[in-house]
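Asks: See model.csv below, with CSV, C-alpha atoms and all ligand atoms.
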```
chain,number,residue,atom,x,y,z
A,1,MET,CA,8.1,81.3,111.5
A,2,LYS,CA,6.6,82.3,108.1
A,3,TYR,CA,8.5,81.0,105.1
A,4,ILE,CA,8.3,83.4,102.1
A,5,SER,CA,8.7,83.0,98.4
A,6,LEU,CA,9.7,86.3,96.9
A,7,LEU,CA,9.4,87.0,93.2
A,8,GLY,CA,11.4,90.1,92.0
A,9,SER,CA,13.8,90.2,95.0
A,10,THR,CA,16.2,92.8,93.6
A,11,GLY,CA,13.6,95.4,92.7
A,12,SER,CA,12.3,98.2,94.9
A,13,ILE,CA,9.5,96.1,96.6
A,14,GLY,CA,11.8,93.1,96.7
A,15,THR,CA,14.6,94.7,98.5
A,16,GLN,CA,12.2,96.4,101.0
A,17,THR,CA,10.6,93.0,101.6
A,18,LEU,CA,14.1,91.8,102.5
A,19,ASP,CA,14.5,94.7,104.9
A,20,ILE,CA,11.3,93.5,106.7
A,21,ILE,CA,12.6,89.9,106.8
A,22,LYS,CA,15.9,91.2,108.2
A,23,GLU,CA,14.2,93.3,110.8
A,24,HIS,CA,12.2,90.3,112.1
A,25,PRO,CA,14.5,87.3,111.8
A,26,THR,CA,12.4,85.2,114.3
A,27,GLU,CA,9.2,85.9,112.3
A,28,PHE,CA,10.2,85.5,108.7
A,29,SER,CA,12.5,83.5,106.6
A,30,LEU,CA,13.2,83.7,102.8
A,31,ALA,CA,12.7,80.2,101.5
A,32,ALA,CA,12.7,80.8,97.7
A,33,MET,CA,13.3,83.8,95.5
A,34,SER,CA,13.6,85.0,91.9
A,35,VAL,CA,16.0,87.5,90.3
A,36,GLY,CA,16.1,89.1,86.9
A,37,ARG,CA,19.5,90.1,85.6
A,38,ASN,CA,21.1,91.6,88.7
A,39,VAL,CA,23.5,88.8,89.4
A,40,ASN,CA,25.7,90.8,91.8
A,41,LEU,CA,22.8,91.7,94.0
A,42,ALA,CA,21.5,88.1,93.8
A,43,ARG,CA,24.8,86.9,95.1
A,44,GLN,CA,24.6,89.2,98.1
A,45,ILE,CA,21.0,88.3,98.9
A,46,ILE,CA,21.8,84.5,98.7
A,47,ALA,CA,24.8,85.0,101.0
A,48,GLU,CA,22.8,86.9,103.5
A,49,PHE,CA,19.4,85.2,103.5
A,50,HIS,CA,20.2,81.6,102.4
A,51,PRO,CA,17.1,80.8,100.4
A,52,GLU,CA,16.8,77.1,99.4
A,53,LEU,CA,15.6,77.8,95.8
A,54,VAL,CA,16.6,80.6,93.5
A,55,CYS,CA,15.2,81.4,90.0
A,56,MET,CA,17.3,83.4,87.6
A,57,LEU,CA,15.9,84.9,84.4
A,58,GLU,CA,18.8,83.4,82.3
A,59,LYS,CA,19.9,79.8,82.4
A,60,ASP,CA,23.6,80.9,82.2
A,61,ASP,CA,23.3,82.9,85.4
A,62,ALA,CA,21.6,80.1,87.2
A,63,GLU,CA,24.4,77.7,86.2
A,64,SER,CA,27.2,80.0,87.1
A,65,LEU,CA,25.7,80.8,90.5
A,66,LYS,CA,25.2,77.1,91.1
A,67,LEU,CA,29.0,76.7,91.0
A,68,GLU,CA,29.3,79.4,93.7
A,69,PHE,CA,26.5,78.0,95.9
A,70,PRO,CA,26.4,74.3,95.4
A,71,LYS,CA,24.0,73.6,98.3
A,72,ILE,CA,21.2,75.8,96.8
A,73,SER,CA,18.8,74.7,94.1
A,74,PHE,CA,18.7,76.9,91.0
A,75,THR,CA,16.1,77.2,88.3
A,76,TYR,CA,15.5,79.8,85.5
A,77,GLY,CA,13.0,81.4,83.2
A,78,PRO,CA,9.2,81.8,83.4
A,79,GLU,CA,8.6,78.2,84.6
A,80,GLY,CA,11.2,78.8,87.3
A,81,LEU,CA,9.1,81.7,88.6
A,82,SER,CA,6.2,79.3,89.2
A,83,GLU,CA,8.5,76.8,91.0
A,84,VAL,CA,9.5,79.6,93.4
A,85,ALA,CA,5.8,80.6,93.8
A,86,VAL,CA,4.7,77.1,94.8
A,87,TYR,CA,7.8,76.2,96.8
A,88,LYS,CA,6.7,73.6,99.3
A,89,LYS,CA,8.1,75.2,102.4
A,90,SER,CA,6.6,78.6,101.7
A,91,THR,CA,3.2,79.6,103.0
A,92,ILE,CA,3.2,83.1,101.5
A,93,LEU,CA,4.1,84.4,98.0
A,94,VAL,CA,5.2,88.0,97.7
A,95,ASN,CA,4.8,88.7,94.0
A,96,ALA,CA,6.9,91.8,93.2
A,97,VAL,CA,8.0,91.1,89.6
A,98,MET,CA,7.2,93.7,87.0
A,99,GLY,CA,4.8,93.1,84.2
A,100,SER,CA,2.4,90.4,83.1
A,101,VAL,CA,5.0,87.7,83.6
A,102,GLY,CA,3.7,87.8,87.2
A,103,LEU,CA,0.3,86.4,86.3
A,104,GLU,CA,1.0,82.6,86.0
A,105,PRO,CA,3.1,82.2,89.1
A,106,THR,CA,0.3,83.9,91.0
A,107,LEU,CA,-2.3,81.5,89.6
A,108,HIS,CA,-0.1,78.5,90.4
A,109,ALA,CA,0.5,79.8,94.0
A,110,ILE,CA,-3.3,80.3,94.5
A,111,GLU,CA,-3.9,76.7,93.3
A,112,ALA,CA,-1.2,75.5,95.7
A,113,GLY,CA,-3.1,77.2,98.6
A,114,LYS,CA,-0.5,79.9,99.3
A,115,THR,CA,-1.3,83.3,100.8
A,116,ILE,CA,-0.7,85.9,98.1
A,117,ALA,CA,0.9,89.3,99.0
A,118,LEU,CA,0.4,91.0,95.7
A,119,ALA,CA,2.6,93.8,94.4
A,120,ASN,CA,2.4,92.8,90.8
A,121,LYS,CA,-0.6,94.9,89.5
A,122,GLU,CA,-0.6,93.2,86.1
A,123,THR,CA,-1.9,90.0,87.7
A,124,LEU,CA,-5.3,91.6,88.3
A,125,VAL,CA,-5.2,94.0,85.4
A,126,THR,CA,-4.7,91.4,82.7
A,127,ALA,CA,-6.7,88.5,84.2
A,128,GLY,CA,-8.8,89.8,87.1
A,129,HIS,CA,-11.8,87.6,86.5
A,130,ILE,CA,-9.6,84.4,86.4
A,131,VAL,CA,-7.5,85.3,89.4
A,132,MET,CA,-10.5,86.3,91.6
A,133,GLU,CA,-12.4,83.1,90.6
A,134,ALA,CA,-9.3,81.1,91.6
A,135,VAL,CA,-9.0,83.0,94.9
A,136,ARG,CA,-12.6,82.3,95.8
A,137,ARG,CA,-12.4,78.6,94.7
A,138,ASN,CA,-9.2,78.0,96.7
A,139,GLN,CA,-10.2,80.3,99.6
A,140,VAL,CA,-6.7,81.8,99.8
A,141,PRO,CA,-6.1,85.3,101.3
A,142,LEU,CA,-5.2,87.8,98.6
A,143,LEU,CA,-3.4,90.7,100.4
A,144,PRO,CA,-2.5,93.9,98.8
A,145,VAL,CA,1.0,95.3,98.9
A,146,ASP,CA,0.3,98.4,96.8
A,147,SER,CA,0.0,101.3,99.2
A,148,GLU,CA,-3.5,102.5,98.0
A,149,HIS,CA,-5.0,99.0,98.1
A,150,SER,CA,-3.4,98.3,101.5
A,151,ALA,CA,-5.0,101.5,102.7
A,152,ILE,CA,-8.4,100.4,101.5
A,153,PHE,CA,-7.8,96.9,102.9
A,154,GLN,CA,-6.8,98.4,106.3
A,155,ALA,CA,-9.8,100.8,106.3
A,156,LEU,CA,-12.0,97.8,105.6
A,157,GLN,CA,-11.1,95.9,108.7
A,158,GLY,CA,-14.2,95.5,110.9
A,159,GLU,CA,-16.4,96.7,108.0
A,160,TYR,CA,-18.5,94.9,105.4
A,161,GLU,CA,-17.6,95.2,101.7
A,162,LYS,CA,-21.4,95.5,101.0
A,163,ASN,CA,-21.5,98.8,102.8
A,164,ILE,CA,-18.9,100.5,100.5
A,165,ASP,CA,-20.3,103.4,98.5
A,166,LYS,CA,-17.1,104.5,96.9
A,167,LEU,CA,-13.3,103.9,96.9
A,168,ILE,CA,-11.2,107.0,96.7
A,169,LEU,CA,-7.7,106.4,95.5
A,170,THR,CA,-5.2,109.1,96.1
A,171,ALA,CA,-2.6,110.1,93.5
A,172,SER,CA,0.6,112.0,94.2
A,173,GLY,CA,0.5,113.3,90.6
A,174,GLY,CA,4.0,112.0,89.7
A,175,SER,CA,7.0,113.8,88.5
A,176,PHE,CA,5.1,116.2,86.2
A,177,ARG,CA,2.1,117.1,88.4
A,178,ASP,CA,2.8,120.8,88.2
A,179,ARG,CA,3.3,121.0,84.4
A,180,THR,CA,0.7,121.7,81.8
A,181,ARG,CA,0.3,119.4,78.7
A,182,ASN,CA,2.3,121.8,76.6
A,183,GLU,CA,5.1,121.6,79.0
A,184,LEU,CA,5.2,117.9,78.6
A,185,GLU,CA,6.3,118.0,75.0
A,186,ASN,CA,10.1,118.0,75.6
A,187,VAL,CA,10.5,116.4,79.0
A,188,THR,CA,13.4,114.0,79.3
A,189,VAL,CA,13.7,110.5,80.8
A,190,GLN,CA,15.7,112.0,83.6
A,191,ASP,CA,13.0,114.5,84.4
A,192,ALA,CA,10.4,111.7,84.4
A,193,LEU,CA,12.4,109.5,86.8
A,194,ASN,CA,12.5,112.2,89.4
A,195,HIS,CA,9.5,111.3,91.6
A,196,PRO,CA,8.7,113.8,94.3
A,197,ASN,CA,7.4,111.4,97.1
A,198,TRP,CA,8.2,107.7,96.4
A,199,SER,CA,11.4,106.0,95.5
A,200,MET,CA,10.5,103.3,93.1
A,201,GLY,CA,11.7,101.3,90.0
A,202,ALA,CA,12.0,103.1,86.6
A,203,LYS,CA,8.9,101.6,85.0
A,204,ILE,CA,6.5,102.5,87.8
A,205,THR,CA,8.0,106.0,88.2
A,206,ILE,CA,7.2,106.6,84.5
A,207,ASP,CA,3.7,105.1,85.0
A,208,SER,CA,3.2,107.6,87.9
A,209,ALA,CA,4.2,110.5,85.6
A,210,THR,CA,1.7,109.4,82.9
A,211,MET,CA,-0.9,108.5,85.6
A,212,MET,CA,-1.1,105.0,84.0
A,213,ASN,CA,0.0,103.7,87.4
A,214,LYS,CA,-3.2,105.1,88.9
A,215,GLY,CA,-5.2,103.7,86.0
A,216,LEU,CA,-3.8,100.2,86.6
A,217,GLU,CA,-4.6,100.7,90.3
A,218,VAL,CA,-8.2,101.5,89.5
A,219,ILE,CA,-8.5,98.3,87.6
A,220,GLU,CA,-6.7,96.4,90.4
A,221,ALA,CA,-9.0,97.9,93.0
A,222,HIS,CA,-12.1,97.0,91.0
A,223,TRP,CA,-11.1,93.3,91.1
A,224,MET,CA,-9.7,93.2,94.5
A,225,PHE,CA,-12.6,94.8,96.3
A,226,GLY,CA,-15.4,94.1,93.8
A,227,VAL,CA,-16.4,97.7,93.4
A,228,PRO,CA,-17.8,99.0,90.0
A,229,TYR,CA,-15.6,101.5,88.1
A,230,GLU,CA,-18.3,104.1,88.5
A,231,ASN,CA,-17.7,104.0,92.2
A,232,ILE,CA,-13.9,104.3,92.1
A,233,ASP,CA,-12.6,107.9,92.3
A,234,VAL,CA,-9.1,109.3,92.0
A,235,VAL,CA,-8.1,112.5,93.8
A,236,LEU,CA,-4.8,114.3,93.5
A,237,HIS,CA,-3.1,114.5,96.9
A,238,LYS,CA,0.4,115.7,96.5
A,239,GLU,CA,1.7,115.0,100.0
A,240,SER,CA,0.9,111.2,99.8
A,241,ILE,CA,0.0,111.2,103.4
A,242,ILE,CA,-3.5,109.8,103.0
A,243,HIS,CA,-2.9,106.5,101.1
A,244,SER,CA,-6.6,106.1,100.0
A,245,MET,CA,-10.1,106.1,101.5
A,246,ILE,CA,-13.4,104.3,101.6
A,247,GLU,CA,-16.7,106.2,101.6
A,248,PHE,CA,-19.5,104.1,103.1
A,249,HIS,CA,-23.3,104.3,102.5
A,250,ASP,CA,-23.8,106.6,105.6
A,251,SER,CA,-21.3,109.1,104.1
A,252,SER,CA,-18.6,108.2,106.7
A,253,VAL,CA,-15.1,108.1,105.2
A,254,MET,CA,-12.3,105.9,106.5
A,255,ALA,CA,-8.8,106.8,105.5
A,256,GLN,CA,-5.4,105.3,106.2
A,257,LEU,CA,-2.5,107.7,106.8
A,258,GLY,CA,1.2,107.6,107.2
A,259,THR,CA,4.5,108.9,105.9
A,260,PRO,CA,5.1,107.5,102.4
A,261,ASP,CA,7.1,104.3,103.1
A,262,MET,CA,6.3,101.1,101.1
A,263,ARG,CA,7.7,98.9,103.9
A,264,VAL,CA,4.5,99.6,105.9
A,265,PRO,CA,2.1,98.0,103.4
A,266,ILE,CA,4.6,95.3,102.7
A,267,GLN,CA,4.9,94.4,106.3
A,268,TYR,CA,1.2,94.6,106.9
A,269,ALA,CA,0.7,92.0,104.1
A,270,LEU,CA,3.2,89.7,105.8
A,271,THR,CA,1.8,90.1,109.3
A,272,PHE,CA,-2.0,90.5,108.7
A,273,PRO,CA,-4.1,90.5,110.8
A,274,ASN,CA,-1.3,91.2,113.3
A,275,ARG,CA,1.0,94.2,113.3
A,276,LEU,CA,4.7,94.3,114.2
A,277,PRO,CA,6.9,97.3,115.1
A,278,LEU,CA,8.8,98.8,112.2
A,279,LYS,CA,11.8,100.6,113.8
A,280,THR,CA,13.0,102.3,110.6
A,281,ALA,CA,9.6,103.8,109.7
A,282,GLN,CA,9.3,107.6,110.1
A,283,ARG,CA,6.3,108.5,112.4
A,284,LEU,CA,3.7,110.8,111.0
A,285,ASN,CA,3.8,114.2,112.5
A,286,LEU,CA,0.7,116.0,111.3
A,287,ALA,CA,1.5,119.3,113.0
A,288,LYS,CA,4.8,119.3,111.1
A,289,VAL,CA,3.1,118.4,107.8
A,290,GLY,CA,0.8,121.4,108.5
A,291,GLN,CA,-1.4,121.1,105.4
A,292,LEU,CA,-2.8,118.5,103.1
A,293,HIS,CA,-3.8,119.4,99.6
A,294,PHE,CA,-6.4,117.8,97.3
A,295,ALA,CA,-7.4,118.5,93.7
A,296,GLU,CA,-9.7,117.0,91.1
A,297,MET,CA,-8.1,114.7,88.6
A,298,ASP,CA,-8.0,116.2,85.0
A,299,MET,CA,-8.7,113.3,82.6
A,300,GLU,CA,-7.5,115.3,79.6
A,301,ARG,CA,-4.3,116.2,81.3
A,302,PHE,CA,-3.7,112.6,82.3
A,303,ARG,CA,-5.1,110.7,79.3
A,304,CYS,CA,-3.7,107.3,80.4
A,305,LEU,CA,-6.0,107.4,83.4
A,306,LYS,CA,-9.0,107.9,81.1
A,307,PHE,CA,-7.8,105.0,78.9
A,308,ALA,CA,-7.6,102.8,81.9
A,309,TYR,CA,-11.1,103.6,83.0
A,310,GLU,CA,-12.4,103.0,79.5
A,311,ALA,CA,-10.5,99.7,79.1
A,312,GLY,CA,-11.6,98.6,82.5
A,313,MET,CA,-15.3,99.4,81.9
A,314,ALA,CA,-15.2,97.8,78.5
A,315,GLY,CA,-13.6,94.7,80.0
A,316,GLY,CA,-12.7,91.7,77.9
A,317,THR,CA,-9.1,91.7,76.6
A,318,LEU,CA,-8.8,95.5,76.6
A,319,PRO,CA,-7.1,95.8,80.0
A,320,THR,CA,-4.6,93.2,78.8
A,321,VAL,CA,-3.9,95.4,75.7
A,322,LEU,CA,-3.7,98.5,77.8
A,323,ASN,CA,-1.1,97.0,80.1
A,324,ALA,CA,1.0,95.3,77.3
A,325,ALA,CA,1.0,98.4,75.1
A,326,ASN,CA,2.0,100.5,78.1
A,327,GLU,CA,4.9,98.2,79.0
A,328,ILE,CA,6.3,98.4,75.5
A,329,ALA,CA,5.7,102.1,75.2
A,330,VAL,CA,7.4,102.9,78.6
A,331,GLU,CA,10.3,100.7,77.7
A,332,ALA,CA,10.7,102.6,74.4
A,333,PHE,CA,10.5,105.9,76.2
A,334,LEU,CA,13.2,104.8,78.7
A,335,LYS,CA,15.4,103.8,75.8
A,336,GLY,CA,15.0,107.2,74.2
A,337,LYS,CA,13.0,105.8,71.2
A,338,ILE,CA,9.9,107.9,71.7
A,339,THR,CA,8.9,111.1,73.5
A,340,PHE,CA,6.9,111.2,76.7
A,341,LEU,CA,3.6,112.1,75.1
A,342,GLN,CA,4.0,109.4,72.4
A,343,ILE,CA,3.5,106.9,75.2
A,344,GLU,CA,-0.2,107.9,75.3
A,345,ASP,CA,-0.5,108.0,71.6
A,346,LEU,CA,0.9,104.4,71.2
A,347,ILE,CA,-1.5,103.1,73.9
A,348,GLU,CA,-4.5,104.9,72.3
A,349,ASN,CA,-3.7,103.6,68.8
A,350,THR,CA,-3.3,100.1,70.1
A,351,LEU,CA,-6.5,100.1,72.1
A,352,THR,CA,-8.4,101.5,69.1
A,353,ASN,CA,-7.1,98.8,66.8
A,354,HIS,CA,-7.9,95.9,69.1
A,355,GLN,CA,-10.9,93.6,68.7
A,356,SER,CA,-11.8,92.8,72.3
A,357,ILE,CA,-12.6,89.2,73.3
A,358,MET,CA,-15.1,89.0,76.2
A,359,GLU,CA,-14.5,86.6,79.1
A,360,PRO,CA,-11.1,85.6,77.7
A,361,SER,CA,-9.5,82.4,78.8
A,362,LEU,CA,-5.9,82.4,80.1
A,363,ALA,CA,-4.7,81.2,76.7
A,364,GLU,CA,-6.5,84.0,74.9
A,365,ILE,CA,-5.0,86.5,77.4
A,366,LYS,CA,-1.5,85.2,76.8
A,367,ALA,CA,-2.0,85.4,73.0
A,368,VAL,CA,-3.4,88.9,73.1
A,369,ASP,CA,-0.5,90.0,75.4
A,370,VAL,CA,2.1,88.6,72.8
A,371,ASP,CA,0.2,90.1,69.8
A,372,THR,CA,-0.1,93.5,71.5
A,373,ARG,CA,3.7,93.6,72.2
A,374,LYS,CA,4.4,92.7,68.6
A,375,TYR,CA,1.9,95.4,67.3
A,376,VAL,CA,3.4,98.2,69.4
A,377,ASN,CA,6.9,97.2,68.5
A,378,SER,CA,6.0,97.4,64.8
A,379,LEU,CA,4.9,101.0,65.3
A,380,LEU,CA,8.3,102.0,66.9
B,1,MN3,MN,0.5,102.5,94.4
```
Just give me the structure of the file as structure tokens.

Replies:
Amino acid sequence: MKYISLLGSTGSIGTQTLDIIKEHPTEFSLAAMSVGRNVNLARQIIAEFHPELVCMLEKDDAESLKLEFPKISFTYGPEGLSEVAVYKKSTILVNAVMGSVGLEPTLHAIEAGKTIALANKETLVTAGHIVMEAVRRNQVPLLPVDSEHSAIFQALQGEYEKNIDKLILTASGGSFRDRTRNELENVTVQDALNHPNWSMGAKITIDSATMMNKGLEVIEAHWMFGVPYENIDVVLHKESIIHSMIEFHDSSVMAQLGTPDMRVPIQYALTFPNRLPLKTAQRLNLAKVGQLHFAEMDMERFRCLKFAYEAGMAGGTLPTVLNAANEIAVEAFLKGKITFLQIEDLIENTLTNHQSIMEPSLAEIKAVDVDTRKYVNSLL
């Protein structure tokens, strides 16, 4: 039995992780979990999965749930996330919280020797050098949950990282892939939330539409697989059947394919190096799919992807700024405070105004993260 700590259990990745646990009750058990504000769903999950420790975002919610479930331990806030991450009984942390709040619990879990199944991109984007150093020092497995990184990780089995020439990340193109820049002027939040292939949370769906999601994934891939940015390509692939590829020195390309279903990479991270059946997954029928399409990525059309490459290559605290500025800008767009294209403008402005610190410490990263959020909010 594998005992799991799950951060972000009511989100899209969180609920699909729970699906996997439910499908394999003799393999997995939920030992500890965190929930943001969705108290009703938290109640249902607790009743069904009986975790021993639950972290709520708010103290009030933790206290009121404690009255309903007196046998369960409750905690709250950012420190509570770390308690869940290092929960004694758990051997694996599934980190599916959104945003840079996911960084510290990951670091604590690494130090505690837990296997990390990482869905929280911000962990590697904001502090890749610190996280990878901790992973190496503690020799813990860092397993990707993101579908592109899982594809690369799967294609890498039986291979040597030193033989990688290039990583090729596929991008569906998001909700606006068939629109020109001019046609993006007046798009609504509703339009942006309508993703053609993947059903995901609001923030990541907007990130897919701006292509920032792919930008964050490029930075994530750089750290996770130790490949220089020059050797990471992005190709538009609207069917999302090929989830990413590796090109090796001899020009051979390894790809991982499947119908778009996040439960496949989630389950692989939980079972690696083994595989288990996944009854509910739809099998790939290539004859039915018929054709796969690919197109070059236009960096002027998707400026957020360009910003991400630039911030990644420049390094220092710029990726932290990129991510924090994006989080605030997307939140503002979702609240109707700014237009879709202003997301890019805010990020560009913030990056331009930042004095990067090279090889930042964790404290410097946290300070830059806070300052960036303040700065972007002051522009709104
Ligand atoms: Mn992805």

Asks: Write out as JSON, numbers by chain each polymer residue whose atoms come within 9 Å of A:His195, counting all atoms listed in the file; drop sequence neighbours fewer than 3 positions from it.

Replies: {"A": [174, 175, 176, 191, 192, 198, 199, 200, 205, 206, 208, 209]}

Asks: Output C-alpha atoms for every residue in the selection just made, as a short mmCIF file (atom, residue, chain, number, x, y, z; two decimals), in the frame of the given file.

Replies:
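Written file, part-v5.cif:
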```
data_model
loop_
_atom_site.label_atom_id
_atom_site.label_comp_id
_atom_site.auth_asym_id
_atom_site.auth_seq_id
_atom_site.Cartn_x
_atom_site.Cartn_y
_atom_site.Cartn_z
CA GLY A 174 4.00 112.00 89.70
CA SER A 175 7.00 113.80 88.50
CA PHE A 176 5.10 116.20 86.20
CA ASP A 191 13.00 114.50 84.40
CA ALA A 192 10.40 111.70 84.40
CA TRP A 198 8.20 107.70 96.40
CA SER A 199 11.40 106.00 95.50
CA MET A 200 10.50 103.30 93.10
CA THR A 205 8.00 106.00 88.20
CA ILE A 206 7.20 106.60 84.50
CA SER A 208 3.20 107.60 87.90
CA ALA A 209 4.20 110.50 85.60
#
```

Asks: Could you give me, as a tab-separated table, every chain A residue with an atom at most 8 Å from ligand MN3 1 (chain B), plus its closest atom pair and distance in Å to one decimal, counting all atoms listed in the file, rows ordered by chain then number?

Replies:
```
residue	atom	partner	partner_atom	distance
A:Asp146	CA	B:MN3_1	MN	4.8
A:Ser147	CA	B:MN3_1	MN	5.0
A:Glu148	CA	B:MN3_1	MN	5.4
A:His149	CA	B:MN3_1	MN	7.5
A:Asn213	CA	B:MN3_1	MN	7.1
A:Lys214	CA	B:MN3_1	MN	7.1
A:Glu217	CA	B:MN3_1	MN	6.8
```

Asks: Could you give me, as a ChimeraX atom specification, the residues that sit within 9 Å of (18.7, 84.2, 92.4) in the file's coordinates, counting only C-alpha atoms?

Replies: /A:9,32-36,38-39,41-43,45-46,51,53-57,61-62,65,74-76

Asks: Contacts of A:Ile13 at 12 Å or less, counting all atoms listed in the file, minus same-chain residues fewer than 3 places along, as JSON, numbers by chain?

Replies: {"A": [6, 7, 8, 9, 10, 16, 17, 18, 19, 20, 94, 95, 96, 97, 98, 117, 118, 119, 120, 145, 146, 147, 198, 199, 200, 201, 204, 261, 262, 263, 264, 265, 266, 267]}

Asks: Report as a Markdown table the residues of stretch 40-133 of chain A within 8 Å of stretch 357-377 of chain A, each with its shortest atom pair and distance in Å (one decimal), using all atoms listed in the file, ordered by chain and increasing residue number.

Replies:
```
| residue | atom | partner | partner_atom | distance |
| --- | --- | --- | --- | --- |
| A:Thr126 | CA | A:Ile365 | CA | 7.2 |
| A:Ala127 | CA | A:Ile365 | CA | 7.3 |
| A:His129 | CA | A:Glu359 | CA | 7.9 |
| A:Ile130 | CA | A:Leu362 | CA | 7.6 |
```

Asks: Residues at most 8 Å from A:Ala155, counting only C-alpha atoms, excluding those fewer than 6 positions away in the same chain, as a VMD selection string?

Replies: chain A and resid 245 to 246 254 to 256

Asks: Please, what distance in Å, to one decimal, runs between atom CA of A:Pro70 and atom CA of A:Glu27?

Replies: 26.8 Å

Asks: Which value, in Å to one decimal, gives the distance between atom CA of A:Glu296 and atom CA of A:Gly312?

Replies: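 Answer for the atom CA of A:Glu296 to atom CA of A:Gly312 separation: 20.4 Å.
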
Asks: Around the point (-2.1, 83.6, 103.6), in the coordinates given by the file, pick out the residues reaching within 6 Å, counting only C-alpha atoms, and return them as a PyMOL selection string.

Replies: chain A and resi 92+114-115+141

Asks: Could you jot down the atom CA of A:Leu346 to atom CA of A:Met212 separation for me, Å, one decimal place?

Replies: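 These atoms are spaced 13.0 Å apart.
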
Asks: My list of candidates is A:Leu103, A:Leu278, A:Leu322, A:Ile241. Which is closest to A:Gly290 when distances are computed with all atoms listed in the file?

Replies: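 Smallest distance to A:Gly290 is found for A:Ile241.
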
Asks: Give me, as a PDB file with C-alpha atoms, in the frame of the given file, all polymer residues having an atom no more than 12 Å from A:Gly128, counting all atoms listed in the file and skipping those fewer than 2 positions away in the same chain.

Replies:
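What follows is the written file result26.pdb:
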```pdb
ATOM      1  CA  SER A 100       2.400  90.400  83.100  1.00  0.00           C
ATOM      2  CA  LEU A 103       0.300  86.400  86.300  1.00  0.00           C
ATOM      3  CA  THR A 106       0.300  83.900  91.000  1.00  0.00           C
ATOM      4  CA  LEU A 107      -2.300  81.500  89.600  1.00  0.00           C
ATOM      5  CA  LYS A 121      -0.600  94.900  89.500  1.00  0.00           C
ATOM      6  CA  GLU A 122      -0.600  93.200  86.100  1.00  0.00           C
ATOM      7  CA  THR A 123      -1.900  90.000  87.700  1.00  0.00           C
ATOM      8  CA  LEU A 124      -5.300  91.600  88.300  1.00  0.00           C
ATOM      9  CA  VAL A 125      -5.200  94.000  85.400  1.00  0.00           C
ATOM     10  CA  THR A 126      -4.700  91.400  82.700  1.00  0.00           C
ATOM     11  CA  ILE A 130      -9.600  84.400  86.400  1.00  0.00           C
ATOM     12  CA  VAL A 131      -7.500  85.300  89.400  1.00  0.00           C
ATOM     13  CA  MET A 132     -10.500  86.300  91.600  1.00  0.00           C
ATOM     14  CA  GLU A 133     -12.400  83.100  90.600  1.00  0.00           C
ATOM     15  CA  ALA A 134      -9.300  81.100  91.600  1.00  0.00           C
ATOM     16  CA  VAL A 135      -9.000  83.000  94.900  1.00  0.00           C
ATOM     17  CA  LEU A 216      -3.800 100.200  86.600  1.00  0.00           C
ATOM     18  CA  VAL A 218      -8.200 101.500  89.500  1.00  0.00           C
ATOM     19  CA  ILE A 219      -8.500  98.300  87.600  1.00  0.00           C
ATOM     20  CA  GLU A 220      -6.700  96.400  90.400  1.00  0.00           C
ATOM     21  CA  ALA A 221      -9.000  97.900  93.000  1.00  0.00           C
ATOM     22  CA  HIS A 222     -12.100  97.000  91.000  1.00  0.00           C
ATOM     23  CA  TRP A 223     -11.100  93.300  91.100  1.00  0.00           C
ATOM     24  CA  MET A 224      -9.700  93.200  94.500  1.00  0.00           C
ATOM     25  CA  PHE A 225     -12.600  94.800  96.300  1.00  0.00           C
ATOM     26  CA  GLY A 226     -15.400  94.100  93.800  1.00  0.00           C
ATOM     27  CA  GLY A 312     -11.600  98.600  82.500  1.00  0.00           C
ATOM     28  CA  GLY A 315     -13.600  94.700  80.000  1.00  0.00           C
ATOM     29  CA  GLY A 316     -12.700  91.700  77.900  1.00  0.00           C
ATOM     30  CA  THR A 317      -9.100  91.700  76.600  1.00  0.00           C
ATOM     31  CA  LEU A 318      -8.800  95.500  76.600  1.00  0.00           C
ATOM     32  CA  PRO A 319      -7.100  95.800  80.000  1.00  0.00           C
ATOM     33  CA  THR A 320      -4.600  93.200  78.800  1.00  0.00           C
ATOM     34  CA  GLU A 359     -14.500  86.600  79.100  1.00  0.00           C
ATOM     35  CA  PRO A 360     -11.100  85.600  77.700  1.00  0.00           C
ATOM     36  CA  SER A 361      -9.500  82.400  78.800  1.00  0.00           C
ATOM     37  CA  LEU A 362      -5.900  82.400  80.100  1.00  0.00           C
ATOM     38  CA  ILE A 365      -5.000  86.500  77.400  1.00  0.00           C
TER      39      ILE A 365
END
```
